Amino acid sequence: FLQFAGLRLTSSTKSAILTQMMIVTVPIIAYWLLKERLTRRRAIAIAMSLCGAIILSTNLDFQGFQNGSSFLGALLTVAAVFFWAIFIVITRKYAPLIECFWMLWANYLATALLAALASTVTGETTIDSQGLWLCLFLAVFCTLLPTMLYNYSLKVVDATSSAILGPLETISAVFLSYFLLGENLTWIGMGGAALILSSAYLVEKD
């Protein structure tokens, strides 16, 4: 909710940059709460992954950094990043102890109940058949399956590594957009992708 609210009040460029701060936020919180070690190799991987994610998400076009932006919008986006980081760290803490299915069930049951309550407060209670099918598709293929796989991965991968590997999602989106939607893939974007892949290599070798 905070991420959506922030995006309405700030520019997409600033939102993209601030959202990538997750790569740095998770290792810091994981260091304090989970005592995960932060080696020099991991620090380099964090820097490379962050730079690559910013390059890939902005294509080094920062003209919209100030346009349509506000301090409140940036603050909401930063708050969203903080809560997402807490979510990742807490999930990592309990993933080895609790079955992933039950973690998923508890998470999305609470989310569904709170979303239903919010919709009644805002008056947004109607949806057409096309919207219903879209919601079903997003729920299964873009929410349930990825989160289930992510929960399983956190049984063997620590929170810091998962944050560094997170921008691989952006790479997937860029290449799928290139092949399926015919969107441009610039040399700058490919450089950002190379940085992210290199950071993943460093984590794997750590």
# chains A, B, ... in the order shown; residues from 1 in each chain; ligands from 1

call {"tool": "closest_atom_pairs", "arguments": {"of": "range 82-155 of chain A", "to": "range 14-36 of chain A", "cutoff": "9 Å", "atoms": "only C-alpha atoms", "output": "CSV"}}
result
residue,atom,partner,partner_atom,distance
A:Phe82,CA,A:Thr25,CA,7.0
A:Trp84,CA,A:Met22,CA,7.7
A:Ala85,CA,A:Val26,CA,5.0
A:Ile86,CA,A:Ile29,CA,7.3
A:Ile88,CA,A:Val26,CA,7.4
A:Val89,CA,A:Ala30,CA,5.9
A:Ile90,CA,A:Leu33,CA,8.8
A:Arg92,CA,A:Leu34,CA,8.8
A:Lys93,CA,A:Leu34,CA,7.2

call {"tool": "write_last_selection", "arguments": {"atoms": "N, CA, C and O atoms", "output": "PDB file, in the first residue's frame"}}
result
ATOM      1  N   PHE A  82      11.451  -0.225   3.698  1.00  0.00           N
ATOM      2  CA  PHE A  82      11.797  -0.668   5.051  1.00  0.00           C
ATOM      3  C   PHE A  82      10.920  -1.846   5.475  1.00  0.00           C
ATOM      4  O   PHE A  82      11.419  -2.852   5.988  1.00  0.00           O
ATOM      5  N   TRP A  84       9.218  -3.908   3.532  1.00  0.00           N
ATOM      6  CA  TRP A  84       9.532  -5.076   2.701  1.00  0.00           C
ATOM      7  C   TRP A  84      10.792  -5.766   3.222  1.00  0.00           C
ATOM      8  O   TRP A  84      10.886  -6.990   3.256  1.00  0.00           O
ATOM      9  N   ALA A  85      11.776  -4.968   3.620  1.00  0.00           N
ATOM     10  CA  ALA A  85      13.019  -5.535   4.147  1.00  0.00           C
ATOM     11  C   ALA A  85      12.762  -6.304   5.444  1.00  0.00           C
ATOM     12  O   ALA A  85      13.299  -7.406   5.644  1.00  0.00           O
ATOM     13  N   ILE A  86      11.934  -5.749   6.320  1.00  0.00           N
ATOM     14  CA  ILE A  86      11.562  -6.445   7.552  1.00  0.00           C
ATOM     15  C   ILE A  86      10.868  -7.762   7.227  1.00  0.00           C
ATOM     16  O   ILE A  86      11.131  -8.807   7.838  1.00  0.00           O
ATOM     17  N   ILE A  88      11.222  -9.637   4.563  1.00  0.00           N
ATOM     18  CA  ILE A  88      12.201 -10.604   4.054  1.00  0.00           C
ATOM     19  C   ILE A  88      13.010 -11.205   5.203  1.00  0.00           C
ATOM     20  O   ILE A  88      13.220 -12.425   5.272  1.00  0.00           O
ATOM     21  N   VAL A  89      13.458 -10.364   6.111  1.00  0.00           N
ATOM     22  CA  VAL A  89      14.292 -10.838   7.217  1.00  0.00           C
ATOM     23  C   VAL A  89      13.498 -11.760   8.151  1.00  0.00           C
ATOM     24  O   VAL A  89      13.991 -12.814   8.563  1.00  0.00           O
ATOM     25  N   ILE A  90      12.272 -11.378   8.471  1.00  0.00           N
ATOM     26  CA  ILE A  90      11.436 -12.213   9.354  1.00  0.00           C
ATOM     27  C   ILE A  90      11.106 -13.542   8.671  1.00  0.00           C
ATOM     28  O   ILE A  90      11.107 -14.607   9.307  1.00  0.00           O
ATOM     29  N   ARG A  92      12.942 -15.075   6.474  1.00  0.00           N
ATOM     30  CA  ARG A  92      14.171 -15.865   6.526  1.00  0.00           C
ATOM     31  C   ARG A  92      14.340 -16.505   7.907  1.00  0.00           C
ATOM     32  O   ARG A  92      14.748 -17.658   8.034  1.00  0.00           O
ATOM     33  N   LYS A  93      13.987 -15.773   8.952  1.00  0.00           N
ATOM     34  CA  LYS A  93      14.154 -16.273  10.319  1.00  0.00           C
ATOM     35  C   LYS A  93      13.295 -17.500  10.570  1.00  0.00           C
ATOM     36  O   LYS A  93      13.739 -18.465  11.218  1.00  0.00           O
TER      37      LYS A  93
END

call {"tool": "select_by_dssp", "arguments": {"residues": "range 67-169 of chain A", "states": "helix (DSSP H, G or I)", "output": "PyMOL selection string"}}
result
chain A and resi 71-94+100-122+129-153+159-165+168-169

call {"tool": "closest_residue", "arguments": {"among": "A:Tyr201, A:Trp133, A:Phe62, A:Phe179", "to": "Arg42 in chain A", "atoms": "only C-alpha atoms"}}
result
A:Tyr201

call {"tool": "residues_around", "arguments": {"residues": "range 183-200 of chain A", "least_positions_apart": "5", "cutoff": "12 Å", "atoms": "only C-alpha atoms", "output": "CSV table (one decimal) with all heavy atoms, in the first residue's frame"}}
result
chain,number,residue,atom,x,y,z
A,23,ILE,N,18.2,-3.5,-1.7
A,23,ILE,CA,19.4,-4.3,-1.8
A,23,ILE,C,20.4,-4.0,-0.6
A,23,ILE,O,21.1,-4.9,-0.1
A,23,ILE,CB,20.1,-4.1,-3.1
A,23,ILE,CG1,19.1,-4.4,-4.3
A,23,ILE,CG2,21.4,-4.8,-3.3
A,23,ILE,CD1,19.6,-3.9,-5.6
A,41,ARG,N,33.4,-9.5,0.1
A,41,ARG,CA,32.9,-9.9,-1.2
A,41,ARG,C,31.4,-9.6,-1.3
A,41,ARG,O,30.9,-9.1,-2.4
A,41,ARG,CB,33.1,-11.4,-1.4
A,41,ARG,CG,32.6,-12.0,-2.7
A,41,ARG,CD,32.7,-13.5,-2.7
A,41,ARG,NE,34.1,-13.9,-2.7
A,41,ARG,CZ,34.7,-14.2,-3.8
A,41,ARG,NH1,34.1,-14.1,-5.0
A,41,ARG,NH2,36.0,-14.6,-3.8
A,42,ARG,N,30.6,-9.8,-0.2
A,42,ARG,CA,29.2,-9.4,-0.2
A,42,ARG,C,29.0,-7.9,-0.3
A,42,ARG,O,28.0,-7.5,-1.0
A,42,ARG,CB,28.6,-10.0,1.1
A,42,ARG,CG,28.4,-11.5,1.1
A,42,ARG,CD,27.5,-11.9,2.2
A,42,ARG,NE,27.2,-13.3,2.1
A,42,ARG,CZ,26.2,-13.9,2.8
A,42,ARG,NH1,25.5,-13.2,3.7
A,42,ARG,NH2,26.0,-15.2,2.7
A,43,ALA,N,29.8,-7.1,0.3
A,43,ALA,CA,29.7,-5.7,0.2
A,43,ALA,C,29.9,-5.2,-1.2
A,43,ALA,O,29.2,-4.4,-1.7
A,43,ALA,CB,30.7,-5.0,1.1
A,44,ILE,N,30.9,-5.8,-1.9
A,44,ILE,CA,31.1,-5.5,-3.3
A,44,ILE,C,29.9,-5.9,-4.2
A,44,ILE,O,29.4,-5.2,-5.1
A,44,ILE,CB,32.4,-6.2,-3.8
A,44,ILE,CG1,33.6,-5.6,-3.1
A,44,ILE,CG2,32.5,-6.0,-5.4
A,44,ILE,CD1,34.9,-6.3,-3.4
A,45,ALA,N,29.4,-7.1,-3.9
A,45,ALA,CA,28.2,-7.6,-4.6
A,45,ALA,C,27.0,-6.7,-4.4
A,45,ALA,O,26.2,-6.5,-5.3
A,45,ALA,CB,27.9,-9.1,-4.1
A,46,ILE,N,26.8,-6.2,-3.1
A,46,ILE,CA,25.7,-5.3,-2.9
A,46,ILE,C,25.8,-4.1,-3.7
A,46,ILE,O,24.9,-3.6,-4.3
A,46,ILE,CB,25.7,-5.0,-1.4
A,46,ILE,CG1,25.2,-6.2,-0.5
A,46,ILE,CG2,24.7,-3.8,-1.1
A,46,ILE,CD1,25.4,-6.0,1.0
A,47,ALA,N,27.0,-3.5,-3.7
A,47,ALA,CA,27.2,-2.3,-4.5
A,47,ALA,C,27.0,-2.5,-6.0
A,47,ALA,O,26.4,-1.7,-6.7
A,47,ALA,CB,28.7,-1.8,-4.3
A,48,MET,N,27.5,-3.6,-6.5
A,48,MET,CA,27.3,-3.9,-8.0
A,48,MET,C,25.8,-4.2,-8.3
A,48,MET,O,25.3,-3.7,-9.3
A,48,MET,CB,28.1,-5.2,-8.3
A,48,MET,CG,29.6,-4.9,-8.3
A,48,MET,SD,30.6,-6.4,-8.5
A,48,MET,CE,30.1,-6.9,-10.2
A,49,SER,N,25.1,-4.9,-7.4
A,49,SER,CA,23.7,-5.2,-7.6
A,49,SER,C,22.9,-3.9,-7.6
A,49,SER,O,22.0,-3.7,-8.4
A,49,SER,CB,23.2,-6.2,-6.6
A,49,SER,OG,21.9,-6.6,-6.8
A,50,LEU,N,23.2,-3.0,-6.6
A,50,LEU,CA,22.5,-1.8,-6.5
A,50,LEU,C,22.7,-0.9,-7.8
A,50,LEU,O,21.7,-0.4,-8.3
A,50,LEU,CB,22.9,-1.0,-5.3
A,50,LEU,CG,22.3,0.3,-5.0
A,50,LEU,CD1,20.8,0.2,-4.9
A,50,LEU,CD2,22.9,1.0,-3.8
A,51,CYS,N,24.0,-0.7,-8.2
A,51,CYS,CA,24.3,0.1,-9.4
A,51,CYS,C,23.6,-0.5,-10.6
A,51,CYS,O,23.0,0.2,-11.4
A,51,CYS,CB,25.8,0.1,-9.6
A,51,CYS,SG,26.6,1.1,-8.3
A,52,GLY,N,23.7,-1.8,-10.7
A,52,GLY,CA,23.1,-2.5,-11.9
A,52,GLY,C,21.6,-2.3,-11.9
A,52,GLY,O,21.0,-2.1,-13.0
A,53,ALA,N,20.9,-2.4,-10.8
A,53,ALA,CA,19.5,-2.3,-10.7
A,53,ALA,C,19.0,-0.9,-11.0
A,53,ALA,O,18.0,-0.7,-11.7
A,53,ALA,CB,19.0,-2.7,-9.3
A,54,ILE,N,19.8,0.1,-10.5
A,54,ILE,CA,19.4,1.5,-10.8
A,54,ILE,C,19.6,1.8,-12.3
A,54,ILE,O,18.8,2.4,-13.0
A,54,ILE,CB,20.3,2.5,-10.0
A,54,ILE,CG1,19.9,2.4,-8.5
A,54,ILE,CG2,20.2,3.9,-10.5
A,54,ILE,CD1,20.7,3.2,-7.6
A,55,ILE,N,20.7,1.3,-12.9
A,55,ILE,CA,21.0,1.5,-14.3
A,55,ILE,C,19.9,0.8,-15.2
A,55,ILE,O,19.3,1.4,-16.1
A,55,ILE,CB,22.3,0.9,-14.7
A,55,ILE,CG1,23.5,1.7,-14.1
A,55,ILE,CG2,22.5,0.8,-16.2
A,55,ILE,CD1,24.8,1.1,-14.3
A,56,LEU,N,19.5,-0.4,-14.8
A,56,LEU,CA,18.5,-1.2,-15.5
A,56,LEU,C,17.1,-0.6,-15.4
A,56,LEU,O,16.4,-0.5,-16.4
A,56,LEU,CB,18.5,-2.6,-15.1
A,56,LEU,CG,17.9,-3.7,-16.0
A,56,LEU,CD1,18.5,-3.7,-17.3
A,56,LEU,CD2,18.0,-5.0,-15.4
A,57,SER,N,16.8,0.0,-14.2
A,57,SER,CA,15.4,0.5,-14.0
A,57,SER,C,15.3,1.9,-14.6
A,57,SER,O,14.1,2.3,-14.8
A,57,SER,CB,15.1,0.4,-12.6
A,57,SER,OG,16.0,1.2,-11.8
A,58,THR,N,16.4,2.7,-14.7
A,58,THR,CA,16.2,4.0,-15.2
A,58,THR,C,16.9,4.3,-16.5
A,58,THR,O,16.6,5.3,-17.2
A,58,THR,CB,16.9,5.0,-14.2
A,58,THR,OG1,18.4,4.7,-14.1
A,58,THR,CG2,16.4,4.9,-12.8
A,59,ASN,N,17.7,3.3,-17.0
A,59,ASN,CA,18.4,3.5,-18.2
A,59,ASN,C,19.3,4.8,-18.2
A,59,ASN,O,19.5,5.4,-19.3
A,59,ASN,CB,17.5,3.5,-19.4
A,59,ASN,CG,18.2,3.0,-20.7
A,59,ASN,OD1,19.0,2.1,-20.7
A,59,ASN,ND2,17.9,3.6,-21.8
A,60,LEU,N,19.7,5.1,-17.0
A,60,LEU,CA,20.5,6.4,-16.8
A,60,LEU,C,19.8,7.6,-17.3
A,60,LEU,O,20.5,8.6,-17.6
A,60,LEU,CB,21.9,6.2,-17.4
A,60,LEU,CG,22.8,5.2,-16.8
A,60,LEU,CD1,24.2,5.2,-17.5
A,60,LEU,CD2,23.0,5.4,-15.3
A,61,ASP,N,18.5,7.6,-17.3
A,61,ASP,CA,17.7,8.8,-17.7
A,61,ASP,C,17.1,9.3,-16.4
A,61,ASP,O,16.1,8.8,-15.9
A,61,ASP,CB,16.6,8.4,-18.7
A,61,ASP,CG,15.8,9.6,-19.1
A,61,ASP,OD1,16.1,10.7,-18.7
A,61,ASP,OD2,14.8,9.4,-19.8
A,160,THR,N,20.5,-11.7,3.1
A,160,THR,CA,21.4,-10.8,2.4
A,160,THR,C,21.6,-11.3,0.9
A,160,THR,O,21.5,-10.5,0.0
A,160,THR,CB,22.8,-10.8,3.1
A,160,THR,OG1,22.6,-10.3,4.4
A,160,THR,CG2,23.8,-9.9,2.3
A,161,SER,N,21.8,-12.6,0.8
A,161,SER,CA,22.0,-13.1,-0.6
A,161,SER,C,20.7,-12.9,-1.4
A,161,SER,O,20.8,-12.6,-2.6
A,161,SER,CB,22.4,-14.6,-0.6
A,161,SER,OG,23.6,-14.8,0.1
A,162,SER,N,19.5,-13.1,-0.8
A,162,SER,CA,18.3,-13.0,-1.5
A,162,SER,C,18.1,-11.5,-2.0
A,162,SER,O,17.5,-11.3,-3.0
A,162,SER,CB,17.1,-13.4,-0.6
A,162,SER,OG,16.9,-12.5,0.4
A,163,ALA,N,18.5,-10.6,-1.2
A,163,ALA,CA,18.4,-9.2,-1.5
A,163,ALA,C,19.3,-8.8,-2.7
A,163,ALA,O,19.0,-8.1,-3.6
A,163,ALA,CB,18.7,-8.3,-0.4
A,164,ILE,N,20.6,-9.4,-2.7
A,164,ILE,CA,21.5,-9.1,-3.8
A,164,ILE,C,21.0,-9.8,-5.1
A,164,ILE,O,21.1,-9.2,-6.2
A,164,ILE,CB,22.9,-9.7,-3.4
A,164,ILE,CG1,23.5,-9.0,-2.2
A,164,ILE,CG2,23.9,-9.6,-4.6
A,164,ILE,CD1,24.7,-9.6,-1.6
A,165,LEU,N,20.4,-10.9,-5.0
A,165,LEU,CA,19.8,-11.6,-6.2
A,165,LEU,C,18.5,-11.1,-6.6
A,165,LEU,O,18.0,-11.4,-7.7
A,165,LEU,CB,19.7,-13.1,-5.8
A,165,LEU,CG,21.0,-13.9,-5.5
A,165,LEU,CD1,20.7,-15.3,-5.1
A,165,LEU,CD2,21.9,-13.9,-6.7
A,166,GLY,N,17.9,-10.2,-5.8
A,166,GLY,CA,16.5,-9.7,-6.1
A,166,GLY,C,16.4,-9.0,-7.5
A,166,GLY,O,15.4,-9.3,-8.2
A,167,PRO,N,17.4,-8.2,-7.9
A,167,PRO,CA,17.3,-7.5,-9.2
A,167,PRO,C,17.3,-8.5,-10.4
A,167,PRO,O,17.1,-8.1,-11.6
A,167,PRO,CB,18.5,-6.6,-9.3
A,167,PRO,CG,18.8,-6.3,-7.8
A,167,PRO,CD,18.5,-7.6,-7.1
A,168,LEU,N,17.6,-9.8,-10.2
A,168,LEU,CA,17.4,-10.8,-11.3
A,168,LEU,C,16.0,-10.7,-11.8
A,168,LEU,O,15.7,-11.0,-13.0
A,168,LEU,CB,17.8,-12.2,-10.9
A,168,LEU,CG,19.3,-12.4,-10.6
A,168,LEU,CD1,19.5,-13.8,-10.0
A,168,LEU,CD2,20.1,-12.3,-11.9
A,169,GLU,N,15.0,-10.4,-11.0
A,169,GLU,CA,13.6,-10.2,-11.4
A,169,GLU,C,13.5,-9.1,-12.4
A,169,GLU,O,12.8,-9.3,-13.4
A,169,GLU,CB,12.8,-9.9,-10.2
A,169,GLU,CG,11.3,-9.5,-10.5
A,169,GLU,CD,10.6,-9.0,-9.3
A,169,GLU,OE1,11.2,-8.9,-8.2
A,169,GLU,OE2,9.4,-8.6,-9.5
A,170,THR,N,14.3,-8.0,-12.2
A,170,THR,CA,14.2,-6.9,-13.2
A,170,THR,C,14.8,-7.3,-14.5
A,170,THR,O,14.3,-7.0,-15.6
A,170,THR,CB,15.0,-5.7,-12.6
A,170,THR,OG1,14.6,-5.4,-11.3
A,170,THR,CG2,14.8,-4.5,-13.5
A,171,ILE,N,15.9,-8.1,-14.5
A,171,ILE,CA,16.5,-8.6,-15.7
A,171,ILE,C,15.5,-9.5,-16.5
A,171,ILE,O,15.3,-9.4,-17.7
A,171,ILE,CB,17.8,-9.4,-15.4
A,171,ILE,CG1,18.9,-8.5,-14.8
A,171,ILE,CG2,18.3,-10.1,-16.7
A,171,ILE,CD1,20.1,-9.3,-14.5
A,172,SER,N,14.8,-10.4,-15.8
A,172,SER,CA,13.8,-11.2,-16.4
A,172,SER,C,12.7,-10.4,-17.1
A,172,SER,O,12.3,-10.7,-18.2
A,172,SER,CB,13.1,-12.1,-15.4
A,172,SER,OG,14.1,-12.9,-14.7
A,173,ALA,N,12.2,-9.3,-16.4
A,173,ALA,CA,11.2,-8.5,-16.9
A,173,ALA,C,11.7,-7.8,-18.2
A,173,ALA,O,10.9,-7.7,-19.2
A,173,ALA,CB,10.8,-7.4,-15.9
A,174,VAL,N,12.9,-7.3,-18.2
A,174,VAL,CA,13.5,-6.6,-19.3
A,174,VAL,C,13.6,-7.5,-20.5
A,174,VAL,O,13.1,-7.1,-21.6
A,174,VAL,CB,14.9,-6.0,-19.0
A,174,VAL,CG1,15.6,-5.5,-20.2
A,174,VAL,CG2,14.7,-4.8,-18.0
A,175,PHE,N,14.1,-8.7,-20.3
A,175,PHE,CA,14.2,-9.6,-21.5
A,175,PHE,C,12.9,-10.1,-22.0
A,175,PHE,O,12.7,-10.3,-23.2
A,175,PHE,CB,15.2,-10.7,-21.1
A,175,PHE,CG,16.6,-10.4,-21.2
A,175,PHE,CD1,17.3,-9.9,-20.1
A,175,PHE,CD2,17.3,-10.4,-22.4
A,175,PHE,CE1,18.7,-9.5,-20.2
A,175,PHE,CE2,18.6,-10.1,-22.5
A,175,PHE,CZ,19.3,-9.6,-21.4
A,176,LEU,N,12.0,-10.4,-21.1
A,176,LEU,CA,10.6,-10.8,-21.5
A,176,LEU,C,9.9,-9.7,-22.3
A,176,LEU,O,9.3,-9.9,-23.3
A,176,LEU,CB,9.8,-11.2,-20.3
A,176,LEU,CG,10.1,-12.6,-19.7
A,176,LEU,CD1,9.3,-12.7,-18.4
A,176,LEU,CD2,9.7,-13.7,-20.7
A,177,SER,N,10.1,-8.4,-21.8
A,177,SER,CA,9.5,-7.3,-22.6
A,177,SER,C,10.1,-7.2,-23.9
A,177,SER,O,9.5,-6.8,-24.9
A,177,SER,CB,9.7,-6.0,-21.8
A,177,SER,OG,9.1,-6.1,-20.5
A,178,TYR,N,11.4,-7.5,-24.0
A,178,TYR,CA,12.1,-7.4,-25.3
A,178,TYR,C,11.6,-8.4,-26.3
A,178,TYR,O,11.3,-8.1,-27.5
A,178,TYR,CB,13.6,-7.6,-25.1
A,178,TYR,CG,14.4,-7.6,-26.4
A,178,TYR,CD1,14.7,-6.5,-27.1
A,178,TYR,CD2,14.9,-8.8,-26.9
A,178,TYR,CE1,15.5,-6.5,-28.3
A,178,TYR,CE2,15.7,-8.9,-28.0
A,178,TYR,CZ,15.9,-7.7,-28.7
A,178,TYR,OH,16.7,-7.8,-29.9
A,205,LYS,N,29.9,-17.6,-5.1
A,205,LYS,CA,31.2,-18.0,-4.7
A,205,LYS,C,31.6,-17.7,-3.3
A,205,LYS,O,32.6,-18.1,-2.8
A,205,LYS,CB,32.2,-17.3,-5.7
A,205,LYS,CG,32.1,-17.8,-7.1
A,205,LYS,CD,32.5,-19.3,-7.2
A,205,LYS,CE,32.5,-19.7,-8.7
A,205,LYS,NZ,32.8,-21.2,-8.8
A,206,ASP,N,30.7,-17.0,-2.6
A,206,ASP,CA,31.1,-16.6,-1.2
A,206,ASP,C,30.9,-17.7,-0.3
A,206,ASP,O,30.0,-18.4,-0.3
A,206,ASP,CB,30.1,-15.4,-0.8
A,206,ASP,CG,30.6,-14.8,0.5
A,206,ASP,OD1,31.8,-14.9,0.8
A,206,ASP,OD2,29.8,-14.2,1.2

call {"tool": "atom_distance", "arguments": {"atom1": "CA of Asn151 in chain A", "atom2": "CA of Thr91 in chain A"}}
result
7.2 Å

call {"tool": "atom_distance", "arguments": {"atom1": "CA of Leu7 in chain A", "atom2": "CA of Leu113 in chain A"}}
result
23.8 Å

call {"tool": "closest_residue", "arguments": {"among": "A:Gln3, A:Ser12, A:Thr147, A:Ser153", "to": "Tyr108 in chain A", "atoms": "only C-alpha atoms"}}
result
A:Thr147

call {"tool": "residues_around", "arguments": {"residues": "Leu149 in chain A", "least_positions_apart": "4", "cutoff": "12 Å", "atoms": "only C-alpha atoms", "output": "list in words"}}
result
Ala95, Cys100, Phe101, Met103, Leu104, Phe141, Cys142, Thr143, Leu144, Leu145, Ser153, Leu154, Lys155, Val156 and Val157 of chain A

call {"tool": "atom_distance", "arguments": {"atom1": "CA of Trp105 in chain A", "atom2": "CA of Ala118 in chain A"}}
result
19.7 Å

call {"tool": "residues_around", "arguments": {"residues": "Gly6 in chain A", "least_positions_apart": "4", "cutoff": "10 Å", "atoms": "only C-alpha atoms", "output": "PyMOL selection string"}}
result
chain A and resi 1-2+10-12+15+69-80

call {"tool": "write_last_selection", "arguments": {"atoms": "all heavy atoms", "output": "compact mmCIF listing (two decimals), in the first residue's frame"}}
result
# COMPACT_ATOMS: atom_id res chain seq x y z
N PHE A 1 0.83 -1.20 0.00
CA PHE A 1 0.00 0.00 0.00
C PHE A 1 0.87 1.26 0.00
O PHE A 1 0.63 2.20 -0.76
CB PHE A 1 -0.93 -0.01 1.22
CG PHE A 1 -1.71 1.26 1.38
CD1 PHE A 1 -2.84 1.50 0.62
CD2 PHE A 1 -1.29 2.25 2.27
CE1 PHE A 1 -3.55 2.69 0.75
CE2 PHE A 1 -1.99 3.43 2.41
CZ PHE A 1 -3.13 3.65 1.66
N LEU A 2 1.91 1.25 0.84
CA LEU A 2 2.81 2.40 0.91
C LEU A 2 3.51 2.64 -0.42
O LEU A 2 3.69 3.78 -0.85
CB LEU A 2 3.84 2.19 2.02
CG LEU A 2 3.32 2.26 3.45
CD1 LEU A 2 4.39 1.80 4.42
CD2 LEU A 2 2.84 3.65 3.80
N THR A 10 5.16 10.69 -6.35
CA THR A 10 6.53 10.96 -6.78
C THR A 10 6.72 10.47 -8.20
O THR A 10 5.85 9.82 -8.78
CB THR A 10 7.53 10.27 -5.83
OG1 THR A 10 8.85 10.74 -6.12
CG2 THR A 10 7.50 8.76 -5.98
N SER A 11 7.86 10.79 -8.78
CA SER A 11 8.13 10.38 -10.16
C SER A 11 8.50 8.91 -10.21
O SER A 11 8.99 8.33 -9.23
CB SER A 11 9.27 11.22 -10.75
OG SER A 11 10.49 10.94 -10.08
N SER A 12 8.27 8.28 -11.36
CA SER A 12 8.60 6.87 -11.52
C SER A 12 10.10 6.65 -11.41
O SER A 12 10.56 5.62 -10.91
CB SER A 12 8.08 6.35 -12.87
OG SER A 12 8.62 7.12 -13.93
N SER A 15 11.00 6.72 -7.73
CA SER A 15 10.45 5.52 -7.11
C SER A 15 11.31 4.31 -7.44
O SER A 15 11.60 3.47 -6.58
CB SER A 15 9.02 5.29 -7.57
OG SER A 15 8.49 4.10 -7.02
N SER A 69 7.50 15.05 -8.33
CA SER A 69 7.90 14.35 -7.11
C SER A 69 7.56 15.20 -5.89
O SER A 69 7.39 16.41 -5.97
CB SER A 69 9.41 14.06 -7.13
OG SER A 69 10.14 15.27 -7.17
N SER A 70 7.46 14.55 -4.75
CA SER A 70 7.22 15.25 -3.50
C SER A 70 7.97 14.54 -2.39
O SER A 70 8.29 13.35 -2.50
CB SER A 70 5.72 15.30 -3.18
OG SER A 70 5.26 14.02 -2.79
N PHE A 71 8.22 15.26 -1.33
CA PHE A 71 8.92 14.67 -0.19
C PHE A 71 8.09 13.55 0.43
O PHE A 71 8.62 12.50 0.81
CB PHE A 71 9.21 15.75 0.86
CG PHE A 71 9.84 15.21 2.11
CD1 PHE A 71 11.18 14.83 2.12
CD2 PHE A 71 9.09 15.07 3.27
CE1 PHE A 71 11.76 14.32 3.27
CE2 PHE A 71 9.67 14.56 4.42
CZ PHE A 71 11.00 14.19 4.43
N LEU A 72 6.78 13.76 0.51
CA LEU A 72 5.89 12.74 1.08
C LEU A 72 5.92 11.47 0.24
O LEU A 72 5.96 10.36 0.78
CB LEU A 72 4.46 13.28 1.17
CG LEU A 72 3.41 12.30 1.72
CD1 LEU A 72 3.77 11.84 3.12
CD2 LEU A 72 2.02 12.93 1.70
N GLY A 73 5.90 11.62 -1.09
CA GLY A 73 5.95 10.45 -1.96
C GLY A 73 7.23 9.66 -1.77
O GLY A 73 7.21 8.42 -1.69
N ALA A 74 8.36 10.37 -1.67
CA ALA A 74 9.64 9.70 -1.44
C ALA A 74 9.65 9.02 -0.07
O ALA A 74 10.15 7.90 0.08
CB ALA A 74 10.78 10.71 -1.54
N LEU A 75 9.08 9.68 0.93
CA LEU A 75 9.04 9.13 2.28
C LEU A 75 8.20 7.86 2.33
O LEU A 75 8.59 6.87 2.97
CB LEU A 75 8.47 10.17 3.24
CG LEU A 75 8.63 9.89 4.74
CD1 LEU A 75 10.11 9.86 5.11
CD2 LEU A 75 7.90 10.95 5.55
N LEU A 76 7.06 7.86 1.65
CA LEU A 76 6.21 6.67 1.61
C LEU A 76 6.92 5.50 0.93
O LEU A 76 6.83 4.35 1.37
CB LEU A 76 4.90 6.98 0.89
CG LEU A 76 3.91 7.89 1.63
CD1 LEU A 76 2.77 8.31 0.71
CD2 LEU A 76 3.36 7.19 2.86
N THR A 77 7.66 5.79 -0.15
CA THR A 77 8.40 4.75 -0.86
C THR A 77 9.50 4.17 0.02
O THR A 77 9.71 2.95 0.07
CB THR A 77 9.01 5.30 -2.16
OG1 THR A 77 7.98 5.89 -2.95
CG2 THR A 77 9.68 4.20 -2.96
N VAL A 78 10.22 5.04 0.74
CA VAL A 78 11.26 4.57 1.66
C VAL A 78 10.65 3.71 2.76
O VAL A 78 11.22 2.68 3.14
CB VAL A 78 12.02 5.78 2.26
CG1 VAL A 78 12.93 5.33 3.40
CG2 VAL A 78 12.84 6.47 1.18
N ALA A 79 9.50 4.12 3.28
CA ALA A 79 8.81 3.33 4.31
C ALA A 79 8.43 1.96 3.77
O ALA A 79 8.56 0.95 4.46
CB ALA A 79 7.57 4.08 4.80
N ALA A 80 7.97 1.92 2.51
CA ALA A 80 7.61 0.65 1.88
C ALA A 80 8.83 -0.26 1.79
O ALA A 80 8.76 -1.47 2.08
CB ALA A 80 7.03 0.90 0.49
